[in-house]
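Okay, start.cif is below, mmCIF, C-alpha atoms:
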data_run
#
loop_
_atom_site.label_atom_id
_atom_site.label_comp_id
_atom_site.auth_asym_id
_atom_site.auth_seq_id
_atom_site.Cartn_x
_atom_site.Cartn_y
_atom_site.Cartn_z
CA MET T 1 107.99 106.94 135.35
CA ARG T 2 104.41 108.30 135.36
CA GLY T 3 105.17 110.43 132.29
CA ARG T 4 106.62 107.45 130.45
CA HIS T 5 103.54 105.32 131.11
CA LEU T 6 101.24 108.14 129.97
CA ALA T 7 103.20 108.44 126.74
CA VAL T 8 102.93 104.71 126.10
CA ALA T 9 99.20 104.77 126.84
CA ALA T 10 98.67 107.67 124.47
CA GLY T 11 100.60 105.92 121.72
CA LEU T 12 98.63 102.72 122.20
CA LEU T 13 95.35 104.62 122.11
CA GLY T 14 96.36 106.21 118.83
CA VAL T 15 97.20 102.81 117.35
CA LEU T 16 94.09 101.04 118.51
CA CYS T 17 91.46 103.73 117.98
CA VAL T 18 90.08 104.18 114.47
CA PRO T 19 87.19 106.30 113.25
CA ALA T 20 83.75 104.70 113.49
CA HIS T 21 83.44 104.57 109.71
CA ALA T 22 86.84 102.86 109.30
CA GLU T 23 87.52 99.18 109.75
CA ALA T 24 91.07 98.20 110.67
CA ARG T 25 91.96 94.82 109.25
CA ASP T 26 93.54 92.45 111.75
CA ILE T 27 96.59 91.05 109.98
CA GLY T 28 97.49 89.01 113.06
CA ARG T 29 95.51 86.03 111.76
CA ASP T 30 96.68 86.28 108.15
CA PRO T 31 98.40 83.12 106.92
CA LEU T 32 101.08 83.15 104.26
CA PRO T 33 99.30 83.19 100.87
CA ALA T 34 99.37 80.00 98.85
CA ASN T 35 102.47 79.53 96.67
CA ASP T 36 104.23 82.52 98.28
CA GLY T 37 107.71 81.07 98.33
CA TRP T 38 109.24 78.13 100.11
CA ALA T 39 107.35 78.76 103.37
CA ALA T 40 104.17 77.81 101.49
CA GLU T 41 105.43 74.26 100.97
CA GLY T 42 103.26 71.49 102.40
CA ALA T 43 100.84 72.72 105.05
CA GLY T 44 102.07 76.30 104.56
CA THR T 45 102.69 78.84 107.30
CA THR T 46 99.88 80.09 109.52
CA GLY T 47 101.73 81.29 112.62
CA GLY T 48 99.37 81.92 115.51
CA ALA T 49 96.19 82.00 113.44
CA ALA T 50 94.68 79.24 115.59
CA ALA T 51 95.18 81.20 118.83
CA ASP T 52 92.22 81.47 121.16
CA ALA T 53 91.23 84.80 122.72
CA ASP T 54 93.36 84.18 125.82
CA HIS T 55 96.48 83.99 123.67
CA VAL T 56 96.06 87.19 121.70
CA HIS T 57 98.21 89.84 123.37
CA THR T 58 98.82 93.53 122.76
CA VAL T 59 102.12 94.52 124.37
CA THR T 60 103.78 97.88 124.97
CA ASP T 61 106.91 97.00 126.95
CA ARG T 62 109.53 94.30 127.36
CA ALA T 63 107.85 92.70 130.35
CA GLY T 64 104.59 92.29 128.45
CA LEU T 65 106.40 90.90 125.41
CA VAL T 66 108.28 88.34 127.52
CA ARG T 67 105.04 87.19 129.14
CA ALA T 68 103.34 86.88 125.76
CA LEU T 69 106.21 84.88 124.26
CA ASP T 70 105.75 82.41 127.13
CA GLY T 71 109.34 81.21 127.09
CA GLY T 72 109.08 80.17 123.46
CA SER T 73 106.18 77.76 124.03
CA ASP T 74 104.39 76.03 121.15
CA THR T 75 100.96 77.30 122.22
CA PRO T 76 99.33 79.18 119.29
CA LYS T 77 99.66 82.88 120.05
CA ILE T 78 99.33 86.26 118.40
CA ILE T 79 101.48 89.06 119.79
CA LYS T 80 100.75 92.63 118.71
CA ILE T 81 103.43 95.21 119.41
CA ALA T 82 102.28 98.80 119.93
CA GLY T 83 104.74 101.68 120.02
CA THR T 84 108.40 101.16 120.88
CA ILE T 85 109.68 98.33 123.05
CA ASP T 86 113.26 98.48 124.32
CA ALA T 87 114.75 95.13 125.31
CA ASN T 88 117.46 96.83 127.36
CA THR T 89 115.14 97.59 130.26
CA ASP T 90 114.65 96.13 133.71
CA ASP T 91 111.42 94.64 135.03
CA ASP T 92 110.19 98.11 135.98
CA GLY T 93 110.79 99.41 132.48
CA ASP T 94 113.85 101.49 133.38
CA ARG T 95 116.60 101.73 130.78
CA LEU T 96 119.72 99.60 131.14
CA ASP T 97 123.06 100.38 129.51
CA CYS T 98 126.24 98.37 129.12
CA ALA T 99 127.58 99.48 132.50
CA ASP T 100 124.53 97.92 134.18
CA TYR T 101 125.42 94.50 132.73
CA ALA T 102 129.15 94.61 133.47
CA THR T 103 130.21 92.31 136.30
CA GLY T 104 133.23 90.48 137.68
CA GLY T 105 135.49 93.49 137.26
CA TYR T 106 135.07 93.69 133.49
CA ALA T 107 136.27 96.92 131.88
CA LEU T 108 136.99 97.46 128.21
CA LYS T 109 140.25 99.24 128.99
CA LYS T 110 141.45 96.25 131.02
CA TYR T 111 140.25 93.82 128.36
CA LEU T 112 142.19 95.65 125.63
CA ALA T 113 145.32 95.68 127.77
CA ALA T 114 145.03 91.96 128.54
CA TYR T 115 144.60 90.74 124.96
CA ASP T 116 146.67 93.21 122.96
CA PRO T 117 148.07 91.10 120.07
CA ARG T 118 151.47 92.72 120.53
CA THR T 119 151.82 90.88 123.83
CA TRP T 120 149.06 88.27 123.89
CA GLY T 121 149.62 86.78 120.44
CA SER T 122 147.19 84.47 118.67
CA ALA T 123 145.90 82.42 121.60
CA LYS T 124 142.19 82.53 122.33
CA PRO T 125 141.47 85.04 125.13
CA SER T 126 141.39 83.41 128.57
CA GLY T 127 141.79 84.48 132.15
CA PRO T 128 140.00 86.93 134.46
CA GLN T 129 139.01 89.58 131.92
CA GLU T 130 137.63 87.06 129.41
CA GLU T 131 135.74 85.32 132.21
CA ALA T 132 134.33 88.68 133.32
CA ARG T 133 133.37 89.49 129.71
CA GLN T 134 131.50 86.19 129.41
CA ALA T 135 129.65 86.76 132.69
CA SER T 136 128.73 90.28 131.63
CA ALA T 137 127.56 89.07 128.22
CA ALA T 138 125.37 86.45 129.89
CA ARG T 139 123.64 89.17 131.93
CA GLN T 140 122.85 91.13 128.78
CA ALA T 141 121.65 88.00 126.96
CA GLU T 142 119.11 87.37 129.73
CA ARG T 143 117.46 90.66 128.82
CA ILE T 144 117.72 90.91 125.06
CA VAL T 145 117.49 87.33 123.72
CA LEU T 146 113.79 86.68 123.11
CA PRO T 147 112.85 83.11 122.15
CA VAL T 148 110.02 82.69 119.65
CA GLY T 149 108.21 79.36 119.79
CA SER T 150 106.18 77.43 117.24
CA ASN T 151 102.74 78.60 116.10
CA THR T 152 103.49 82.24 116.82
CA THR T 153 102.63 85.45 115.00
CA ILE T 154 104.35 88.68 116.00
CA VAL T 155 102.94 91.74 114.30
CA GLY T 156 103.45 95.46 114.71
CA LEU T 157 100.37 97.64 115.07
CA GLY T 158 100.08 100.70 112.86
CA ASP T 159 103.06 102.29 111.17
CA SER T 160 105.34 102.88 114.17
CA ALA T 161 105.89 99.56 115.94
CA VAL T 162 109.55 99.23 116.97
CA LEU T 163 111.50 96.54 118.78
CA LYS T 164 114.97 97.79 119.62
CA GLY T 165 117.97 96.22 121.26
CA ALA T 166 116.49 92.71 121.02
CA SER T 167 117.53 89.53 119.27
CA LEU T 168 114.43 87.58 118.22
CA GLN T 169 115.52 83.94 118.06
CA VAL T 170 113.43 81.29 116.33
CA ARG T 171 115.25 78.19 117.50
CA ASN T 172 114.00 74.71 116.56
CA ALA T 173 110.50 76.09 116.09
CA ASP T 174 107.94 75.63 113.32
CA ASN T 175 105.23 77.83 111.86
CA VAL T 176 106.22 81.39 112.76
CA ILE T 177 105.18 84.74 111.25
CA ILE T 178 106.87 88.11 111.92
CA ARG T 179 105.26 91.10 110.17
CA ASN T 180 105.07 94.88 110.06
CA LEU T 181 107.78 95.50 112.64
CA ASP T 182 110.89 97.69 112.82
CA VAL T 183 113.55 95.53 114.49
CA ARG T 184 116.68 97.54 115.16
CA ASP T 185 120.01 97.68 116.95
CA ALA T 186 120.71 94.25 118.46
CA TYR T 187 123.66 95.89 120.19
CA ASP T 188 126.33 93.70 121.78
CA CYS T 189 127.87 95.38 124.81
CA PHE T 190 130.66 92.81 125.08
CA PRO T 191 132.20 91.74 121.74
CA VAL T 192 134.94 89.12 121.95
CA TRP T 193 138.36 89.47 120.36
CA GLN T 194 139.28 86.61 118.02
CA PRO T 195 143.01 86.64 117.24
CA SER T 196 144.14 85.54 113.81
CA PRO T 197 145.68 82.06 113.81
CA LYS T 198 148.16 83.44 111.26
CA LEU T 199 149.76 85.58 113.95
CA SER T 200 152.72 83.32 114.66
CA ALA T 201 153.66 84.83 118.04
CA PRO T 202 153.19 88.00 120.06
CA LEU T 203 154.53 90.87 117.96
CA GLU T 204 156.98 91.86 120.68
CA GLN T 205 158.46 88.35 120.38
CA GLY T 206 158.94 88.62 116.63
CA GLY T 207 155.54 87.44 115.42
CA THR T 208 154.19 88.72 112.11
CA PRO T 209 150.53 89.58 111.41
CA ASN T 210 150.34 87.78 108.02
CA GLY T 211 146.80 88.67 107.00
CA GLY T 212 145.61 90.52 110.09
CA LEU T 213 145.79 90.51 113.85
CA GLY T 214 142.26 89.18 114.24
CA ASP T 215 138.76 90.60 114.44
CA TRP T 216 135.92 91.41 116.80
CA LYS T 217 133.00 88.98 116.95
CA THR T 218 129.53 89.88 118.13
CA ALA T 219 126.75 87.67 119.44
CA TYR T 220 123.39 88.92 118.23
CA ASP T 221 121.36 89.04 115.01
CA ASN T 222 118.23 91.17 114.93
CA ILE T 223 116.38 87.99 113.90
CA TRP T 224 118.03 84.58 113.97
CA LEU T 225 116.49 81.40 112.59
CA THR T 226 118.27 78.20 113.61
CA GLY T 227 116.61 74.83 113.13
CA ALA T 228 113.46 76.78 112.23
CA THR T 229 110.91 75.66 109.64
CA HIS T 230 107.96 77.32 107.94
CA VAL T 231 108.80 80.94 108.75
CA TRP T 232 107.39 84.02 107.03
CA VAL T 233 109.07 87.42 107.58
CA ASP T 234 107.10 90.18 105.87
CA HIS T 235 107.17 93.99 105.83
CA VAL T 236 109.90 94.07 108.45
CA THR T 237 112.60 96.73 108.63
CA LEU T 238 115.97 95.64 110.00
CA SER T 239 118.85 97.99 110.79
CA ASP T 240 121.47 99.13 113.31
CA LYS T 241 119.61 102.41 113.76
CA GLY T 242 120.73 104.10 116.94
CA HIS T 243 124.27 102.71 117.06
CA PRO T 244 125.79 102.30 113.58
CA ASP T 245 129.03 100.32 113.59
CA ALA T 246 130.66 102.93 111.36
CA LYS T 247 130.67 105.29 114.36
CA GLU T 248 132.31 102.78 116.69
CA PRO T 249 136.02 103.19 117.54
CA THR T 250 138.91 101.07 116.28
CA HIS T 251 140.68 98.67 118.62
CA PHE T 252 143.60 96.47 117.56
CA ALA T 253 143.34 98.10 114.11
CA ARG T 254 139.85 96.69 113.62
CA ASN T 255 136.43 98.30 113.82
CA TYR T 256 134.92 97.53 117.23
CA LEU T 257 131.81 95.84 115.84
CA ARG T 258 128.61 95.75 117.89
CA HIS T 259 126.25 93.96 115.47
CA ASP T 260 126.20 90.60 113.70
CA GLY T 261 123.56 89.84 111.05
CA LEU T 262 120.23 91.49 110.41
CA LEU T 263 118.51 88.19 109.56
CA ASP T 264 120.55 84.98 109.62
CA ILE T 265 119.12 81.61 108.59
CA THR T 266 121.29 78.74 109.80
CA GLY T 267 121.34 75.43 111.64
CA GLY T 268 119.29 73.45 109.12
CA SER T 269 116.47 75.98 108.94
CA ASP T 270 114.12 75.31 106.05
CA LEU T 271 111.05 76.58 104.18
CA VAL T 272 111.40 80.31 104.74
CA THR T 273 109.87 83.25 102.87
CA VAL T 274 111.18 86.80 103.37
CA SER T 275 109.08 89.39 101.56
CA TRP T 276 108.61 93.15 101.27
CA SER T 277 111.23 93.88 103.93
CA ARG T 278 114.01 96.47 104.24
CA PHE T 279 117.60 95.71 105.19
CA THR T 280 119.41 98.97 105.71
CA GLY T 281 122.60 100.58 107.00
CA HIS T 282 124.50 97.41 107.89
CA ASP T 283 127.58 95.36 107.07
CA LYS T 284 126.63 91.65 106.91
CA ALA T 285 122.91 91.54 106.20
CA MET T 286 121.88 87.92 105.71
CA LEU T 287 123.74 84.63 106.05
CA ILE T 288 122.01 81.48 104.82
CA GLY T 289 124.01 78.48 106.02
CA SER T 290 126.70 79.04 108.61
CA GLY T 291 129.64 76.88 107.57
CA ASP T 292 131.19 74.87 104.74
CA ALA T 293 131.45 71.84 107.05
CA ALA T 294 127.73 71.90 107.97
CA THR T 295 126.85 69.12 105.53
CA GLY T 296 123.68 68.39 107.51
CA ASP T 297 122.26 71.47 105.80
CA ARG T 298 122.07 69.61 102.49
CA GLY T 299 118.47 69.41 101.34
CA LYS T 300 117.48 72.22 103.73
CA LEU T 301 117.92 76.02 103.74
CA ARG T 302 115.18 76.44 101.13
CA VAL T 303 114.49 80.15 101.21
CA THR T 304 112.60 82.66 99.05
CA LEU T 305 113.54 86.34 99.06
CA HIS T 306 111.22 88.60 97.09
CA HIS T 307 110.35 92.29 96.96
CA ASN T 308 112.95 93.23 99.56
CA ALA T 309 115.06 96.39 99.66
CA PHE T 310 118.77 96.12 100.49
CA GLU T 311 119.96 99.68 101.17
CA SER T 312 123.52 100.66 102.13
CA VAL T 313 124.38 97.02 102.84
CA VAL T 314 128.07 96.10 102.54
CA GLN T 315 127.73 92.33 101.96
CA ARG T 316 125.65 89.16 102.42
CA ALA T 317 122.49 90.12 100.57
CA PRO T 318 122.47 87.15 100.90
CA ARG T 319 125.48 84.83 101.23
CA VAL T 320 124.37 81.23 100.70
CA ARG T 321 125.74 77.79 101.48
CA PHE T 322 123.94 74.58 100.48
CA GLY T 323 120.47 76.10 100.14
CA GLN T 324 118.07 76.37 97.23
CA VAL T 325 117.41 80.10 97.41
CA HIS T 326 115.04 81.98 95.11
CA VAL T 327 115.97 85.66 94.91
CA TYR T 328 113.54 87.63 92.78
CA ASN T 329 112.15 91.15 92.37
CA ASN T 330 114.48 92.68 94.96
CA ARG T 331 115.95 96.19 94.93
CA TYR T 332 119.59 96.86 95.81
CA ASP T 333 120.67 100.43 96.56
CA ILE T 334 124.44 100.42 97.02
CA THR T 335 125.96 103.51 98.59
CA GLY T 336 129.31 104.60 99.98
CA ASP T 337 132.72 103.18 99.18
CA ASP T 338 132.71 100.08 101.42
CA HIS T 339 130.55 97.73 99.33
CA ARG T 340 132.10 94.26 99.02
CA TYR T 341 129.45 92.24 97.18
CA SER T 342 125.72 91.58 97.18
CA LEU T 343 125.19 87.94 96.18
CA GLY T 344 127.53 85.50 97.92
CA VAL T 345 127.88 82.10 96.24
CA SER T 346 129.39 79.57 98.64
CA THR T 347 129.71 75.82 99.06
CA GLU T 348 127.01 73.85 97.24
CA SER T 349 124.73 76.88 97.06
CA ARG T 350 122.01 76.88 94.40
CA MET T 351 120.82 80.44 94.06
CA PHE T 352 118.17 81.25 91.44
CA ALA T 353 118.18 85.03 90.96
CA GLU T 354 115.78 86.71 88.58
CA ASN T 355 114.52 90.20 87.82
CA ASN T 356 116.46 92.07 90.47
CA ALA T 357 117.43 95.75 90.19
CA PHE T 358 120.76 97.18 91.36
CA HIS T 359 121.61 100.85 91.84
CA ALA T 360 125.28 101.64 92.41
CA PRO T 361 127.75 104.54 92.34
CA GLY T 362 130.38 104.81 89.62
CA HIS T 363 133.14 102.91 91.41
CA VAL T 364 131.01 99.75 91.69
CA GLU T 365 130.97 97.55 88.61
CA VAL T 366 128.59 94.77 87.62
CA ALA T 367 131.24 92.15 88.42
CA ASP T 368 131.41 93.46 92.01
CA LEU T 369 127.86 92.33 92.72
CA VAL T 370 128.82 88.65 93.04
CA LYS T 371 131.46 86.94 95.17
CA SER T 372 132.21 83.23 95.21
CA TRP T 373 133.81 81.02 97.86
CA ASN T 374 133.90 77.42 96.63
CA GLY T 375 130.66 78.08 94.74
CA SER T 376 129.95 76.45 91.41
CA ALA T 377 126.67 77.81 90.04
CA LEU T 378 124.42 80.86 89.91
CA HIS T 379 121.29 81.24 87.81
CA GLN T 380 120.50 84.83 86.92
CA SER T 381 118.15 86.47 84.48
CA GLY T 382 116.43 89.82 84.01
CA THR T 383 119.01 91.78 86.02
CA LEU T 384 119.07 95.58 85.81
CA PHE T 385 122.15 97.60 86.74
CA ASN T 386 121.57 101.35 87.00
CA GLY T 387 118.61 100.90 84.69
CA PHE T 388 120.40 98.85 82.04
CA PRO T 389 119.90 95.11 81.41
CA VAL T 390 123.05 93.09 82.10
CA ASP T 391 124.09 89.45 82.04
CA LEU T 392 125.36 89.29 85.60
CA LEU T 393 126.80 85.78 85.30
CA ALA T 394 128.68 86.37 82.04
CA ILE T 395 130.22 89.60 83.29
CA TYR T 396 131.20 88.04 86.61
CA ASN T 397 132.92 85.13 84.86
CA ALA T 398 134.72 87.41 82.42
CA TYR T 399 136.08 89.70 85.12
CA ASN T 400 136.99 87.07 87.71
CA SER T 401 138.21 84.13 85.64
CA GLY T 402 141.78 84.75 86.75
CA SER T 403 141.05 84.66 90.47
CA GLU T 404 137.86 82.60 90.93
CA ARG T 405 136.53 79.67 88.98
CA ASP T 406 133.72 80.31 86.55
CA LEU T 407 130.18 79.76 87.74
CA THR T 408 127.77 77.77 85.63
CA ALA T 409 124.13 78.73 85.13
CA ASP T 410 122.82 75.27 86.04
CA VAL T 411 121.75 75.25 89.70
CA GLY T 412 119.81 72.01 89.30
CA TRP T 413 116.33 73.29 90.10
CA THR T 414 113.66 75.72 88.95
CA PRO T 415 111.42 77.51 91.46
CA THR T 416 107.71 76.71 91.32
CA LEU T 417 106.49 78.25 94.59
CA HIS T 418 106.15 81.94 93.86
CA GLY T 419 103.64 84.60 92.95
CA ARG T 420 103.77 86.79 89.89
CA ILE T 421 107.31 87.74 88.93
CA ASP T 422 107.39 91.29 87.61
CA SER T 423 110.04 92.88 85.46
CA ALA T 424 112.98 94.23 87.41
CA ALA T 425 111.94 97.77 86.54
CA ALA T 426 108.39 97.33 87.81
CA ALA T 427 109.54 95.55 90.96
CA ASP T 428 112.13 98.25 91.58
CA ARG T 429 109.43 100.91 91.73
CA ALA T 430 107.07 98.80 93.81
CA VAL T 431 109.72 97.88 96.39
CA ALA T 432 110.85 101.50 96.74
CA ARG T 433 107.28 102.43 97.62
CA GLY T 434 106.13 99.46 99.60
CA ALA T 435 108.93 97.52 101.33
CA GLY T 436 109.46 97.75 105.08
CA ALA T 437 107.48 98.14 108.27
CA GLY T 438 104.47 100.42 108.20
CA ARG T 439 104.17 100.33 104.41
CA SER T 440 101.47 98.67 102.37
CA ARG T 441 101.82 97.03 98.98
#

How does this structure look as structure tokens?
Amino acid sequence: MRGRHLAVAAGLLGVLCVPAHAEARDIGRDPLPANDGWAAEGAGTTGGAAADADHVHTVTDRAGLVRALDGGSDTPKIIKIAGTIDANTDDDGDRLDCADYATGGYALKKYLAAYDPRTWGSAKPSGPQEEARQASAARQAERIVLPVGSNTTIVGLGDSAVLKGASLQVRNADNVIIRNLDVRDAYDCFPVWQPSPKLSAPLEQGGTPNGGLGDWKTAYDNIWLTGATHVWVDHVTLSDKGHPDAKEPTHFARNYLRHDGLLDITGGSDLVTVSWSRFTGHDKAMLIGSGDAATGDRGKLRVTLHHNAFESVVQRAPRVRFGQVHVYNNRYDITGDDHRYSLGVSTESRMFAENNAFHAPGHVEVADLVKSWNGSALHQSGTLFNGFPVDLLAIYNAYNSGSERDLTADVGWTPTLHGRIDSAAAADRAVARGAGAGRSR
């Protein structure tokens, strides 16, 4: 323990000490610049800029971060993260793993035996092992779910601030800024099995899978906005680093997923700007609007995404329902053979995409960049695909007219809250250099 504390102290000293001739700018009090996306609407987004000296905290461990967050209070506060903070630690700072959270007799081997679709069928899991899983999951949630209240700025110090294993949740809060932070690996120790309703009966009783046995569902996003307003996420890196799902085993013929979204914006959240951030090495990156039936989201979910890098992301970059979403000057670097789509056009979505650059291997075509579920419109202009200008909408419609209805270009609005919009080529270079935690523009 003494060695660990000395290492933390040394790291903090390196972050906080600068040469006498240098002046480190305190970005903790920076507000969102005027006109910088939807979060600049109205009074704009200032986070904890109004915090007094007693509510400016530099934290180096989970316990300090929890104290600084103050249970998600609305008190103006600035929280500076130095070094690496691991949410899966006890109050003494000692590491916790999944076995430390397990309770009630939960064991994965027993869980798999209890809910095997060949014998269990399509019913929702219930009984002792599901109850034990829920109790175990609740113990982990107590450690890793970190509520962020209104009037809060969270900022990483230097170029090596990391928050791992945590789920930052901005729930029904207003005026929040998260900047210059590597947020990684919101790892769910206890995923739940969701059987497919199309499984007519246990397989041993003659049931047929008809579209799949089911899937694993996880609980945590790296950052989750629900009912949140006026939020600015800037120069943040989000990933599964440490525990990629691709290395997880297969159970019930499905990948045993441990992660949900990197940054999900749901529950009527509104007036959000996400800028100069990196989304990397993940399946479902960003969901804006959680369900087709969530009609209360109409008129909300106004989000701007600009100068972000989506690297090795399989899908949802983003997927949108209902919202007016401005997607401009982003860089997409598609790798591997598991890419499904980048821009998801869903119910009543109104996505305005301009001057974005896509890089893809030979098996990915322009038409593969868009996927529609009950969507009707997508505005796009200035798109580059492997360095060549393309009409993304026209190609999508031509290739998918037999299976999905054509999308129109009229999304019913034109963005006005934005900074300079560069060409896709210029933005591509700038984002490659400057997006993510620890990088400057």

Write out as an MDAnalysis selection string each polymer residue whose atoms come within 9 Å of region 215-225 of chain T, counting all atoms listed in the file; drop sequence neighbours fewer than 5 positions from it. chainID T and resid 137 141 145 164:173 183:196 231 238:240 251:267 269

Choose the residue, out of T:Asn88, T:Asn386, T:Ser73, T:Thr226, that has the smallest atom-to-atom separation from Asn356 (chain T); count only C-alpha atoms.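 The answer is T:Asn386, which sits nearest to Asn356 (chain T).
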
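Using only C-alpha atoms for every distance, the candidate list T:Gly419, T:Pro76, T:Gly44, T:Pro318 yields T:Pro318 as the residue closest to Ala353 (chain T).
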
So which residues touch Gly434 (chain T) within 12 Å, counting all atoms listed in the file, skipping near sequence neighbours fewer than 3 positions away, as a PyMOL selection string? chain T and resi 180+234-237+275-278+307-309+330-331+427-431+437-441

Once you have the residues from the selection above, write them out as a short mmCIF file (atom, residue, chain, number, x, y, z; two decimals), keeping the file's coordinate frame, restricted to C-alpha atoms.
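Generated file (out.cif):
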data_model
loop_
_atom_site.label_atom_id
_atom_site.label_comp_id
_atom_site.auth_asym_id
_atom_site.auth_seq_id
_atom_site.Cartn_x
_atom_site.Cartn_y
_atom_site.Cartn_z
CA ASN T 180 105.07 94.88 110.06
CA ASP T 234 107.10 90.18 105.87
CA HIS T 235 107.17 93.99 105.83
CA VAL T 236 109.90 94.07 108.45
CA THR T 237 112.60 96.73 108.63
CA SER T 275 109.08 89.39 101.56
CA TRP T 276 108.61 93.15 101.27
CA SER T 277 111.23 93.88 103.93
CA ARG T 278 114.01 96.47 104.24
CA HIS T 307 110.35 92.29 96.96
CA ASN T 308 112.95 93.23 99.56
CA ALA T 309 115.06 96.39 99.66
CA ASN T 330 114.48 92.68 94.96
CA ARG T 331 115.95 96.19 94.93
CA ALA T 427 109.54 95.55 90.96
CA ASP T 428 112.13 98.25 91.58
CA ARG T 429 109.43 100.91 91.73
CA ALA T 430 107.07 98.80 93.81
CA VAL T 431 109.72 97.88 96.39
CA ALA T 437 107.48 98.14 108.27
CA GLY T 438 104.47 100.42 108.20
CA ARG T 439 104.17 100.33 104.41
CA SER T 440 101.47 98.67 102.37
CA ARG T 441 101.82 97.03 98.98
#

Expanded to explicit residues, what is the PyMOL selection byres ((chain T and resi 150-153) around 8) for this file, as a ChimeraX atom specification? /T:28-29,46-49,72-79,148-149,154-155,173-179

With distances taken over all atoms listed in the file, which of T:Thr250, T:Asn400, T:Ser349, T:Ser342 is nearest to Arg302 (chain T)?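 Closest candidate: T:Ser349.
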
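When the distance limit is 9 Å and only C-alpha atoms are what count, the residues near His57 (chain T), minus those fewer than 2 positions from it on the same chain, are Ala53, Asp54, His55, Val59, Gly64, Leu65, Ala68, Lys77, Ile78, Ile79, Lys80 and Ile81 of chain T.
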
Requested write-out: C-alpha atoms of the selected residues, as a JSON list (two decimals), in the frame of the given file:
[["chain", "number", "residue", "atom", "x", "y", "z"],
["T", 53, "ALA", "CA", 91.23, 84.80, 122.72],
["T", 54, "ASP", "CA", 93.36, 84.18, 125.82],
["T", 55, "HIS", "CA", 96.48, 83.99, 123.67],
["T", 59, "VAL", "CA", 102.12, 94.52, 124.37],
["T", 64, "GLY", "CA", 104.59, 92.29, 128.45],
["T", 65, "LEU", "CA", 106.40, 90.90, 125.41],
["T", 68, "ALA", "CA", 103.34, 86.88, 125.76],
["T", 77, "LYS", "CA", 99.66, 82.88, 120.05],
["T", 78, "ILE", "CA", 99.33, 86.26, 118.40],
["T", 79, "ILE", "CA", 101.48, 89.06, 119.79],
["T", 80, "LYS", "CA", 100.75, 92.63, 118.71],
["T", 81, "ILE", "CA", 103.43, 95.21, 119.41]]
